[in-house]
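Novice: Input work29.pdb, format and content: PDB, C-alpha atoms.
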ATOM      1  CA  MET A   1      -1.995 -20.337  -1.866
ATOM      2  CA  ALA A   2      -4.989 -19.809  -4.131
ATOM      3  CA  TYR A   3      -8.385 -18.152  -4.138
ATOM      4  CA  ASP A   4     -11.838 -19.418  -4.941
ATOM      5  CA  THR A   5     -14.315 -17.498  -7.095
ATOM      6  CA  LEU A   6     -15.395 -15.411  -4.115
ATOM      7  CA  GLY A   7     -11.835 -14.331  -3.399
ATOM      8  CA  MET A   8     -11.546 -16.477  -0.265
ATOM      9  CA  VAL A   9      -8.106 -17.856   0.453
ATOM     10  CA  MET A  10      -7.635 -21.578   0.155
ATOM     11  CA  TYR A  11      -4.591 -23.795  -0.168
ATOM     12  CA  VAL A  12      -3.972 -26.211  -2.981
ATOM     13  CA  HIS A  13      -0.878 -28.382  -2.958
ATOM     14  CA  MET A  14       0.407 -29.335  -6.412
ATOM     15  CA  ASP A  15       3.642 -31.099  -7.274
ATOM     16  CA  SER A  16       5.785 -29.426  -9.906
ATOM     17  CA  ASP A  17       4.984 -32.191 -12.392
ATOM     18  CA  SER A  18       1.303 -32.587 -11.484
ATOM     19  CA  PRO A  19      -1.296 -32.802 -14.278
ATOM     20  CA  ALA A  20      -2.774 -29.489 -13.151
ATOM     21  CA  ARG A  21       0.561 -27.701 -13.510
ATOM     22  CA  ARG A  22       1.202 -29.275 -16.913
ATOM     23  CA  ILE A  23      -2.206 -28.144 -18.156
ATOM     24  CA  ALA A  24      -1.653 -24.683 -16.682
ATOM     25  CA  THR A  25       1.653 -24.513 -18.568
ATOM     26  CA  ASP A  26      -0.195 -25.205 -21.835
ATOM     27  CA  LEU A  27      -2.798 -22.514 -21.175
ATOM     28  CA  ARG A  28      -0.156 -20.071 -20.009
ATOM     29  CA  ALA A  29       1.672 -20.588 -23.308
ATOM     30  CA  ASP A  30      -1.566 -20.016 -25.235
ATOM     31  CA  ILE A  31      -2.083 -16.734 -23.409
ATOM     32  CA  ALA A  32       1.521 -15.606 -23.965
ATOM     33  CA  ALA A  33       1.362 -16.465 -27.675
ATOM     34  CA  GLY A  34      -1.967 -14.716 -28.190
ATOM     35  CA  ARG A  35      -3.881 -17.870 -28.984
ATOM     36  CA  LEU A  36      -6.057 -16.908 -26.026
ATOM     37  CA  LEU A  37      -6.681 -13.169 -26.175
ATOM     38  CA  PRO A  38      -7.422 -10.735 -23.347
ATOM     39  CA  GLY A  39     -11.090 -10.991 -22.476
ATOM     40  CA  GLU A  40     -11.476 -14.384 -24.146
ATOM     41  CA  LYS A  41     -13.260 -17.107 -22.227
ATOM     42  CA  LEU A  42     -11.221 -20.149 -21.202
ATOM     43  CA  PRO A  43     -12.531 -23.686 -21.579
ATOM     44  CA  SER A  44     -14.817 -24.699 -18.745
ATOM     45  CA  VAL A  45     -13.743 -27.111 -16.020
ATOM     46  CA  ARG A  46     -15.723 -29.836 -17.745
ATOM     47  CA  ASP A  47     -14.149 -29.100 -21.142
ATOM     48  CA  LEU A  48     -10.642 -29.053 -19.679
ATOM     49  CA  ALA A  49     -11.282 -32.332 -17.908
ATOM     50  CA  GLU A  50     -12.444 -33.952 -21.137
ATOM     51  CA  ARG A  51      -9.690 -32.465 -23.292
ATOM     52  CA  TYR A  52      -6.854 -33.552 -20.990
ATOM     53  CA  GLU A  53      -8.562 -36.679 -19.636
ATOM     54  CA  VAL A  54      -8.312 -35.602 -16.025
ATOM     55  CA  SER A  55     -10.814 -35.242 -13.222
ATOM     56  CA  ARG A  56     -12.877 -32.093 -12.830
ATOM     57  CA  THR A  57     -11.103 -31.519  -9.531
ATOM     58  CA  THR A  58      -7.774 -31.400 -11.354
ATOM     59  CA  ALA A  59      -9.212 -29.137 -14.048
ATOM     60  CA  GLY A  60     -10.549 -26.820 -11.366
ATOM     61  CA  LYS A  61      -7.087 -26.579  -9.837
ATOM     62  CA  VAL A  62      -5.784 -25.369 -13.209
ATOM     63  CA  LEU A  63      -8.081 -22.375 -13.189
ATOM     64  CA  ILE A  64      -7.292 -21.646  -9.550
ATOM     65  CA  LEU A  65      -3.567 -21.685 -10.362
ATOM     66  CA  LEU A  66      -3.940 -19.318 -13.332
ATOM     67  CA  LYS A  67      -6.177 -17.014 -11.320
ATOM     68  CA  THR A  68      -3.663 -16.891  -8.482
ATOM     69  CA  GLU A  69      -0.991 -15.894 -11.009
ATOM     70  CA  GLY A  70      -3.215 -13.055 -12.187
ATOM     71  CA  LEU A  71      -3.535 -14.449 -15.713
ATOM     72  CA  VAL A  72      -7.277 -15.052 -15.596
ATOM     73  CA  THR A  73     -10.292 -13.658 -13.805
ATOM     74  CA  THR A  74     -13.533 -15.414 -12.997
ATOM     75  CA  ARG A  75     -17.095 -14.191 -13.309
ATOM     76  CA  HIS A  76     -19.663 -15.802 -11.082
ATOM     77  CA  GLY A  77     -21.874 -18.112 -13.078
ATOM     78  CA  SER A  78     -20.035 -17.369 -16.321
ATOM     79  CA  GLY A  79     -16.558 -18.889 -16.166
ATOM     80  CA  ALA A  80     -12.923 -17.882 -16.423
ATOM     81  CA  TYR A  81     -11.553 -15.259 -18.810
ATOM     82  CA  VAL A  82      -8.092 -14.153 -19.845
ATOM     83  CA  ARG A  83      -7.318 -11.075 -17.829
ATOM     84  CA  GLU A  84      -7.508  -7.806 -19.739
ATOM     85  CA  SER A  85      -4.109  -6.196 -20.147
ATOM     86  CA  HIS A  86      -3.459  -2.634 -19.012
ATOM     87  CA  PRO A  87      -0.906  -0.148 -20.320
ATOM     88  CA  ILE A  88       2.087   0.111 -18.004
ATOM     89  CA  ARG A  89       3.096   3.631 -16.997
ATOM     90  CA  ARG A  90       6.737   4.332 -16.257
ATOM     91  CA  LEU A  91       7.094   6.818 -13.423
ATOM     92  CA  GLY A  92      10.234   8.708 -12.477
ATOM     93  CA  PRO A  93      11.404  12.079 -11.138
ATOM     94  CA  GLU A  94      10.689  13.782 -14.470
ATOM     95  CA  ARG A  95       6.962  13.682 -13.736
ATOM     96  CA  TYR A  96       7.633  16.408 -11.157
ATOM     97  CA  ALA A  97       9.729  18.561 -13.506
ATOM     98  CA  ARG A  98       9.142  22.283 -13.122
ATOM     99  CA  HIS A  99       8.341  22.770 -16.797
ATOM    100  CA  ARG A 100       5.270  20.564 -16.297
ATOM    101  CA  TRP A 101       3.670  22.988 -13.853
ATOM    102  CA  GLU A 102       5.639  26.190 -13.414
ATOM    103  CA  GLN A 103       5.133  27.747 -16.835
ATOM    104  CA  THR A 104       2.414  25.571 -18.344
ATOM    105  CA  THR A 105      -1.320  25.123 -18.409
ATOM    106  CA  VAL A 106      -2.405  21.550 -17.768
ATOM    107  CA  GLN A 107      -5.299  20.134 -19.754
ATOM    108  CA  ALA A 108      -7.010  16.805 -19.209
ATOM    109  CA  PHE A 109      -7.250  13.511 -21.074
ATOM    110  CA  ALA A 110      -4.195  13.034 -23.279
ATOM    111  CA  THR A 111      -0.491  12.234 -22.907
ATOM    112  CA  GLU A 112       2.280  13.237 -20.555
ATOM    113  CA  VAL A 113       4.413  14.712 -23.346
ATOM    114  CA  PRO A 114       4.663  18.522 -23.124
ATOM    115  CA  GLU A 115       3.563  20.440 -26.224
ATOM    116  CA  SER A 116       4.870  24.023 -26.277
ATOM    117  CA  ASP A 117       3.358  25.757 -23.238
ATOM    118  CA  THR A 118       0.619  23.169 -22.718
ATOM    119  CA  THR A 119       0.970  19.746 -21.155
ATOM    120  CA  GLN A 120      -1.897  17.295 -21.007
ATOM    121  CA  GLN A 121      -2.863  15.055 -18.130
ATOM    122  CA  GLN A 122      -3.137  11.317 -18.636
ATOM    123  CA  GLY A 123      -6.503   9.948 -17.671
ATOM    124  CA  HIS A 124      -9.129  11.379 -15.388
ATOM    125  CA  GLN A 125      -9.537  11.701 -11.660
ATOM    126  CA  THR A 126     -12.331  12.046  -9.183
ATOM    127  CA  GLN A 127     -11.835  14.323  -6.231
ATOM    128  CA  GLU A 128     -13.164  14.476  -2.685
ATOM    129  CA  VAL A 129     -12.048  17.227  -0.334
ATOM    130  CA  SER A 130     -12.757  17.372   3.387
ATOM    131  CA  ILE A 131     -11.354  18.531   6.718
ATOM    132  CA  VAL A 132     -10.123  15.558   8.778
ATOM    133  CA  ALA A 133      -8.164  14.994  11.961
ATOM    134  CA  ALA A 134      -4.480  14.336  11.276
ATOM    135  CA  ASP A 135      -3.399  10.792  12.101
ATOM    136  CA  GLU A 136       0.093  10.057  13.393
ATOM    137  CA  SER A 137       1.828   9.836  10.010
ATOM    138  CA  VAL A 138       0.098  12.927   8.615
ATOM    139  CA  ALA A 139       0.840  14.879  11.777
ATOM    140  CA  ALA A 140       4.505  13.849  11.756
ATOM    141  CA  ALA A 141       4.929  14.782   8.088
ATOM    142  CA  LEU A 142       3.185  18.155   8.294
ATOM    143  CA  GLY A 143       4.557  19.049  11.727
ATOM    144  CA  VAL A 144       1.161  19.430  13.406
ATOM    145  CA  GLU A 145      -0.416  17.837  16.461
ATOM    146  CA  VAL A 146      -2.167  14.489  16.133
ATOM    147  CA  GLY A 147      -5.846  15.261  15.697
ATOM    148  CA  ALA A 148      -5.243  18.735  14.289
ATOM    149  CA  PRO A 149      -7.564  19.686  11.400
ATOM    150  CA  VAL A 150      -5.988  19.239   7.971
ATOM    151  CA  TYR A 151      -7.341  19.219   4.448
ATOM    152  CA  GLU A 152      -7.630  15.787   2.839
ATOM    153  CA  ARG A 153      -7.814  15.686  -0.960
ATOM    154  CA  ALA A 154      -8.614  12.146  -2.147
ATOM    155  CA  ARG A 155      -8.499  11.141  -5.813
ATOM    156  CA  VAL A 156      -9.154   7.984  -7.811
ATOM    157  CA  VAL A 157      -7.290   8.094 -11.120
ATOM    158  CA  THR A 158      -8.526   6.222 -14.174
ATOM    159  CA  ARG A 159      -7.078   5.666 -17.621
ATOM    160  CA  GLU A 160      -9.226   4.557 -20.540
ATOM    161  CA  GLY A 161     -11.979   3.975 -18.019
ATOM    162  CA  ASN A 162      -9.877   1.657 -15.839
ATOM    163  CA  PRO A 163      -8.797   2.644 -12.309
ATOM    164  CA  THR A 164      -5.011   2.699 -11.953
ATOM    165  CA  HIS A 165      -4.324   4.215  -8.549
ATOM    166  CA  THR A 166      -5.535   6.381  -5.720
ATOM    167  CA  MET A 167      -3.781   9.436  -4.352
ATOM    168  CA  THR A 168      -4.701  11.205  -1.124
ATOM    169  CA  SER A 169      -2.955  14.455  -0.189
ATOM    170  CA  TYR A 170      -2.931  16.299   3.118
ATOM    171  CA  TYR A 171      -2.289  20.013   3.673
ATOM    172  CA  ARG A 172      -2.232  22.526   6.499
ATOM    173  CA  PRO A 173      -5.387  24.674   6.118
ATOM    174  CA  ALA A 174      -3.336  27.891   6.193
ATOM    175  CA  ASP A 175      -1.378  26.737   3.125
ATOM    176  CA  VAL A 176      -4.320  25.932   0.850
ATOM    177  CA  GLU A 177      -7.436  27.689   2.170
ATOM    178  CA  GLY A 178      -9.292  29.391  -0.691
ATOM    179  CA  THR A 179      -7.189  27.749  -3.433
ATOM    180  CA  PRO A 180      -8.223  25.254  -6.140
ATOM    181  CA  LEU A 181      -6.667  22.506  -3.999
ATOM    182  CA  VAL A 182      -9.775  22.547  -1.812
ATOM    183  CA  ASP A 183     -12.184  22.640  -4.764
ATOM    184  CA  PRO A 184     -13.853  19.199  -5.026
ATOM    185  CA  SER A 185     -14.496  19.486  -8.767
ATOM    186  CA  PRO A 186     -13.226  16.414 -10.685
ATOM    187  CA  GLY A 187      -9.883  16.708 -12.458
ATOM    188  CA  ILE A 188      -6.657  18.517 -11.724
ATOM    189  CA  ALA A 189      -6.431  21.490  -9.380
ATOM    190  CA  GLY A 190      -6.463  24.816 -11.187
ATOM    191  CA  GLN A 191      -4.802  25.281 -14.562
ATOM    192  CA  GLY A 192      -1.380  23.956 -13.671
ATOM    193  CA  GLY A 193      -2.063  21.236 -11.132
ATOM    194  CA  GLY A 194      -1.387  21.110  -7.406
ATOM    195  CA  PHE A 195       2.256  22.179  -7.549
ATOM    196  CA  ARG A 196       1.342  25.240  -9.620
ATOM    197  CA  VAL A 197      -1.304  26.179  -7.035
ATOM    198  CA  LEU A 198       1.262  25.909  -4.237
ATOM    199  CA  ALA A 199       3.778  27.949  -6.226
ATOM    200  CA  ASP A 200       1.205  30.687  -6.791
ATOM    201  CA  LYS A 201       0.786  30.816  -2.989
ATOM    202  CA  GLY A 202       4.512  31.415  -2.551
ATOM    203  CA  LEU A 203       5.083  27.770  -1.529
ATOM    204  CA  SER A 204       6.923  26.517  -4.593
ATOM    205  CA  PRO A 205       7.789  22.807  -4.337
ATOM    206  CA  HIS A 206      11.537  22.268  -4.284
ATOM    207  CA  GLU A 207      12.285  18.852  -2.762
ATOM    208  CA  ILE A 208      10.419  15.547  -2.647
ATOM    209  CA  THR A 209      10.923  12.438  -0.546
ATOM    210  CA  GLU A 210       9.173   9.291  -1.769
ATOM    211  CA  ASP A 211       8.920   5.958   0.033
ATOM    212  CA  LEU A 212       7.633   2.906  -1.838
ATOM    213  CA  ARG A 213       6.546  -0.401  -0.391
ATOM    214  CA  ALA A 214       4.689  -3.383  -1.797
ATOM    215  CA  ARG A 215       1.851  -4.993   0.132
ATOM    216  CA  MET A 216      -1.390  -6.820  -0.420
ATOM    217  CA  PRO A 217      -4.420  -4.565  -0.898
ATOM    218  CA  THR A 218      -7.232  -4.187   1.561
ATOM    219  CA  ALA A 219     -10.619  -5.502   0.457
ATOM    220  CA  ASP A 220     -11.766  -1.944  -0.297
ATOM    221  CA  GLU A 221      -8.643  -1.200  -2.349
ATOM    222  CA  ALA A 222      -8.993  -4.400  -4.367
ATOM    223  CA  LEU A 223     -12.594  -3.492  -5.161
ATOM    224  CA  LEU A 224     -11.840   0.142  -5.957
ATOM    225  CA  LEU A 225      -8.903  -0.678  -8.264
ATOM    226  CA  ASP A 226     -10.608  -3.747  -9.767
ATOM    227  CA  LEU A 227      -7.699  -5.994  -8.810
ATOM    228  CA  PRO A 228      -7.699  -9.738  -9.421
ATOM    229  CA  PRO A 229      -7.068 -12.004  -6.418
ATOM    230  CA  GLY A 230      -3.395 -12.208  -5.548
ATOM    231  CA  GLU A 231      -2.267  -8.923  -7.104
ATOM    232  CA  PRO A 232      -0.294  -6.677  -4.740
ATOM    233  CA  VAL A 233      -0.285  -2.908  -4.685
ATOM    234  CA  VAL A 234       2.566  -0.451  -4.342
ATOM    235  CA  GLU A 235       1.984   2.185  -1.703
ATOM    236  CA  LEU A 236       3.756   5.480  -2.271
ATOM    237  CA  CYS A 237       4.212   8.037   0.504
ATOM    238  CA  ARG A 238       5.393  11.470  -0.665
ATOM    239  CA  ILE A 239       6.533  14.504   1.291
ATOM    240  CA  THR A 240       6.906  17.751  -0.664
ATOM    241  CA  ARG A 241       8.954  20.653   0.740
ATOM    242  CA  THR A 242       9.809  24.208  -0.257
ATOM    243  CA  ALA A 243      13.417  25.344  -0.595
ATOM    244  CA  ASP A 244      13.471  26.372   3.072
ATOM    245  CA  GLY A 245      12.205  22.975   4.216
ATOM    246  CA  HIS A 246       8.542  23.853   4.796
ATOM    247  CA  VAL A 247       6.402  20.759   4.162
ATOM    248  CA  VAL A 248       3.518  21.742   1.888
ATOM    249  CA  GLU A 249       2.022  18.325   1.155
ATOM    250  CA  TYR A 250       1.971  14.800   2.493
ATOM    251  CA  ALA A 251       0.497  12.283   0.048
ATOM    252  CA  ARG A 252      -0.297   8.586   0.051
ATOM    253  CA  GLY A 253      -0.840   6.719  -3.199
ATOM    254  CA  VAL A 254      -1.976   3.147  -3.757
ATOM    255  CA  HIS A 255      -1.015   1.809  -7.202
ATOM    256  CA  ALA A 256      -1.991  -1.439  -8.915
ATOM    257  CA  ALA A 257       1.389  -3.202  -9.116
ATOM    258  CA  SER A 258       0.895  -4.560 -12.636
ATOM    259  CA  ARG A 259       0.160  -1.133 -14.125
ATOM    260  CA  PHE A 260       3.264   0.816 -13.103
ATOM    261  CA  VAL A 261       7.033   0.675 -13.071
ATOM    262  CA  TRP A 262       9.195   3.197 -11.215
ATOM    263  CA  SER A 263      12.403   4.223 -12.940
ATOM    264  CA  TYR A 264      15.184   6.390 -11.474
ATOM    265  CA  THR A 265      18.517   7.467 -12.886
ATOM    266  CA  PHE A 266      20.910   9.162 -10.485
ATOM    267  CA  ALA A 267      24.573   9.738  -9.744
ATOM    268  CA  ILE A 268      26.015   7.227  -7.272
ATOM    269  CA  PRO A 269      26.663   9.008  -3.958
ATOM    270  CA  SER A 270      30.260   9.192  -2.727
TER     271      SER A 270
END
Transcribe the structure of this file into C-alpha cells.
Specialist:
Amino acid sequence: MAYDTLGMVMYVHMDSDSPARRIATDLRADIAAGRLLPGEKLPSVRDLAERYEVSRTTAGKVLILLKTEGLVTTRHGSGAYVRESHPIRRLGPERYARHRWEQTTVQAFATEVPESDTTQQQGHQTQEVSIVAADESVAAALGVEVGAPVYERARVVTREGNPTHTMTSYYRPADVEGTPLVDPSPGIAGQGGGFRVLADKGLSPHEITEDLRARMPTADEALLLDLPPGEPVVELCRITRTADGHVVEYARGVHAASRFVWSYTFAIPS
C-alpha cells in the first residue's frame, strides 16, 4: 500500500528485487548515514530516472515507497524531502509521581527533571474547555448517565513548535466547578497541574488505569499532528481514581507513534 502526494491510498506492487526497491535501499542508506539530512530535498523523479537509468514511473515508485515508510514527505509542486526527525519522549509511571505535583509548583517550557521544589513542563499546550454530553465511554468511566453534562478539557501539546499529541479529559462538574481545570487559558492548570488541582479539592489521585492501542489516525488527527501518510497513532485512555475508588478523570490521548515510547518496570505478579 502507498499514498500519492494528496494522501490518497493507492497500491503499488514491487518485487523484492525490483529496481525501485534497490534504488529505495540506496536512498534509505543515505538517509540513515546522514548523507541526506532531515529537511533536505531528494532528487526529483527525473533526476532519479537519469541517475539509475530507469523509467520515470519506476523512479516515482521509489518516492512513493519511501513516503509510505515515513522517511520522506512531499510538498505539492516542490518535491520530496527527508522527513524532519523529532525527539522521542519516553513515558512511564514516573510521570505521575506525587513529587511532580503534590509538593511542587509547575512552570512551563523546559524539562521534566524536578529541580528542588519546582518542576518544569515540557512544551506548551493549548486548552479548550466546554460542557458536553457524556458519550458511552465517558459515561461508563465517570459513572454517569449517557448524555449527562460533563466538563471536557481538550489540549494540543507541542514541543519545539511541533505538535506531539492531544489529550482530552472529562470530569464531573461537581468535582471541578470553579477550579483552574475549567479555565481555558493556555498551559497547565493552576500552579501544580491537574492532579494538584484535584488534590486541593480533596480528590487526590491515587490509582491510574491506562489502556494503549495503536491505530491509523483520522484525517483530522493526521492534519492536527502533522503526520506523514502511513504513520499510526497510539491512543491512550486513562482513568484516574482516588484511594476510595472515586473516578476523578477520564482522559483520551492521541500520540504520534514515532515521537513516543512507553516504558514500564514492574514486579511480575504471582
Novice: I'd like to see the residues matched by the PyMOL selection byres ((chain A and resi 20) around 12) on this file, and ideally I'd get them as a ChimeraX atom specification.
Specialist: /A:12-19,21-28,45,48-49,52-66
Novice: Between atom CA of A:Phe260 and atom CA of A:Ala214, what is the distance, to one decimal in Å?
Specialist: 12.1 Å
Novice: Can you translate the PyMOL selection byres ((chain A and resi 73-77) around 12) into the concrete residues it hits in this file, as a VMD selection string?
Specialist: chain A and resid 3 to 7 38 to 44 60 63 to 72 78 to 85 226 to 231
Novice: Need to verify the contact set: A:Leu181, 10 Å, all atoms listed in the file, exclusion of same-chain residues closer than 4 positions in sequence. Can you return it as a ChimeraX atom specification?
Specialist: /A:127,129,151-153,169,171,175-177,185,188-190,193-195,197-198
Novice: Evaluating the PyMOL selection byres ((chain A and resi 155) around 12) on the displayed file yields which residues, as an NGL selection string?
Specialist: :A and (124-130 or 152-154 or 156-158 or 163-170 or 181 or 184-189 or 224 or 251-254)
Novice: Suppose you want the space between atom CA of A:His86 and atom CA of A:Arg259; what is it in Å?
Specialist: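 Calculated distance between atom CA of A:His86 and atom CA of A:Arg259 is 6.3 Å.
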Novice: Residues at most 7 Å from A:Val234, counting all atoms listed in the file, excluding those fewer than 4 positions away in the same chain, as a VMD selection string?
Specialist: chain A and resid 212 to 215 254 to 257
Novice: For those residues, write C-alpha atoms to a file as a compact mmCIF listing (two decimals), keeping the file's coordinate frame.
Specialist:
# COMPACT_ATOMS: atom_id res chain seq x y z
CA LEU A 212 7.63 2.91 -1.84
CA ARG A 213 6.55 -0.40 -0.39
CA ALA A 214 4.69 -3.38 -1.80
CA ARG A 215 1.85 -4.99 0.13
CA VAL A 254 -1.98 3.15 -3.76
CA HIS A 255 -1.01 1.81 -7.20
CA ALA A 256 -1.99 -1.44 -8.91
CA ALA A 257 1.39 -3.20 -9.12
Novice: Build an axis-aligned box that encloses every atom of stretch 155-162 of chain A listed in the file, pad it by 8 Å on each side, and report its centre and edge lengths in Å to one decimal, as JSON.
Specialist:
{"center_x": -9.5, "center_y": 6.4, "center_z": -13.2, "size_x": 20.9, "size_y": 25.5, "size_z": 30.7}
Novice: Which residues are close to A:Val138, i.e. within 10 Å by all atoms listed in the file, leaving aside same-chain residues fewer than 2 positions away? Reply as a PyMOL selection string.
Specialist: chain A and resi 133-136+140-148+150+169-171+239+249-252
Novice: For stretch 38-47 of chain A, supply all heavy atoms and report the output as an mmCIF file, in the coordinates of the input.
Specialist:
data_model
loop_
_atom_site.group_PDB
_atom_site.id
_atom_site.type_symbol
_atom_site.label_atom_id
_atom_site.label_comp_id
_atom_site.auth_asym_id
_atom_site.auth_seq_id
_atom_site.Cartn_x
_atom_site.Cartn_y
_atom_site.Cartn_z
ATOM 1 N N PRO A 38 -6.825 -11.396 -24.507
ATOM 2 C CA PRO A 38 -7.422 -10.735 -23.347
ATOM 3 C C PRO A 38 -8.934 -10.627 -23.486
ATOM 4 O O PRO A 38 -9.444 -10.230 -24.541
ATOM 5 C CB PRO A 38 -6.760 -9.353 -23.350
ATOM 6 C CG PRO A 38 -5.441 -9.579 -24.009
ATOM 7 C CD PRO A 38 -5.709 -10.608 -25.071
ATOM 8 N N GLY A 39 -9.639 -11.015 -22.449
ATOM 9 C CA GLY A 39 -11.090 -10.991 -22.476
ATOM 10 C C GLY A 39 -11.735 -12.246 -23.008
ATOM 11 O O GLY A 39 -12.956 -12.422 -22.907
ATOM 12 N N GLU A 40 -10.921 -13.163 -23.574
ATOM 13 C CA GLU A 40 -11.476 -14.384 -24.146
ATOM 14 C C GLU A 40 -11.765 -15.412 -23.051
ATOM 15 O O GLU A 40 -11.019 -15.537 -22.083
ATOM 16 C CB GLU A 40 -10.490 -14.972 -25.156
ATOM 17 C CG GLU A 40 -11.028 -16.169 -25.929
ATOM 18 C CD GLU A 40 -10.098 -16.618 -27.036
ATOM 19 O OE1 GLU A 40 -9.189 -15.828 -27.400
ATOM 20 O OE2 GLU A 40 -10.277 -17.748 -27.543
ATOM 21 N N LYS A 41 -12.856 -16.120 -23.221
ATOM 22 C CA LYS A 41 -13.260 -17.107 -22.227
ATOM 23 C C LYS A 41 -12.416 -18.362 -22.355
ATOM 24 O O LYS A 41 -12.162 -18.856 -23.460
ATOM 25 C CB LYS A 41 -14.739 -17.449 -22.393
ATOM 26 C CG LYS A 41 -15.296 -18.348 -21.300
ATOM 27 C CD LYS A 41 -16.799 -18.546 -21.453
ATOM 28 C CE LYS A 41 -17.352 -19.402 -20.324
ATOM 29 N NZ LYS A 41 -18.830 -19.570 -20.435
ATOM 30 N N LEU A 42 -11.975 -18.893 -21.222
ATOM 31 C CA LEU A 42 -11.221 -20.149 -21.202
ATOM 32 C C LEU A 42 -12.183 -21.328 -21.257
ATOM 33 O O LEU A 42 -13.369 -21.191 -20.942
ATOM 34 C CB LEU A 42 -10.368 -20.242 -19.936
ATOM 35 C CG LEU A 42 -8.958 -19.666 -20.008
ATOM 36 C CD1 LEU A 42 -8.998 -18.142 -20.104
ATOM 37 C CD2 LEU A 42 -8.132 -20.100 -18.808
ATOM 38 N N PRO A 43 -11.682 -22.493 -21.638
ATOM 39 C CA PRO A 43 -12.531 -23.686 -21.579
ATOM 40 C C PRO A 43 -13.052 -23.894 -20.155
ATOM 41 O O PRO A 43 -12.379 -23.564 -19.177
ATOM 42 C CB PRO A 43 -11.584 -24.813 -22.005
ATOM 43 C CG PRO A 43 -10.513 -24.142 -22.789
ATOM 44 C CD PRO A 43 -10.333 -22.789 -22.169
ATOM 45 N N SER A 44 -14.237 -24.430 -20.058
ATOM 46 C CA SER A 44 -14.817 -24.699 -18.745
ATOM 47 C C SER A 44 -14.069 -25.827 -18.052
ATOM 48 O O SER A 44 -13.259 -26.545 -18.666
ATOM 49 C CB SER A 44 -16.290 -25.073 -18.893
ATOM 50 O OG SER A 44 -16.402 -26.324 -19.562
ATOM 51 N N VAL A 45 -14.343 -26.002 -16.767
ATOM 52 C CA VAL A 45 -13.743 -27.111 -16.020
ATOM 53 C C VAL A 45 -14.078 -28.438 -16.693
ATOM 54 O O VAL A 45 -13.209 -29.304 -16.847
ATOM 55 C CB VAL A 45 -14.233 -27.087 -14.557
ATOM 56 C CG1 VAL A 45 -13.848 -28.378 -13.846
ATOM 57 C CG2 VAL A 45 -13.654 -25.879 -13.817
ATOM 58 N N ARG A 46 -15.317 -28.583 -17.098
ATOM 59 C CA ARG A 46 -15.723 -29.836 -17.745
ATOM 60 C C ARG A 46 -14.966 -30.043 -19.052
ATOM 61 O O ARG A 46 -14.480 -31.145 -19.345
ATOM 62 C CB ARG A 46 -17.231 -29.818 -18.020
ATOM 63 C CG ARG A 46 -17.746 -31.123 -18.651
ATOM 64 C CD ARG A 46 -19.232 -31.062 -18.915
ATOM 65 N NE ARG A 46 -19.543 -30.026 -19.911
ATOM 66 C CZ ARG A 46 -20.788 -29.713 -20.278
ATOM 67 N NH1 ARG A 46 -21.828 -30.313 -19.714
ATOM 68 N NH2 ARG A 46 -20.993 -28.781 -21.194
ATOM 69 N N ASP A 47 -14.849 -28.977 -19.861
ATOM 70 C CA ASP A 47 -14.149 -29.100 -21.142
ATOM 71 C C ASP A 47 -12.667 -29.413 -20.942
ATOM 72 O O ASP A 47 -12.088 -30.220 -21.689
ATOM 73 C CB ASP A 47 -14.302 -27.814 -21.953
ATOM 74 C CG ASP A 47 -15.732 -27.622 -22.464
ATOM 75 O OD1 ASP A 47 -16.488 -28.609 -22.493
ATOM 76 O OD2 ASP A 47 -16.079 -26.477 -22.814
#
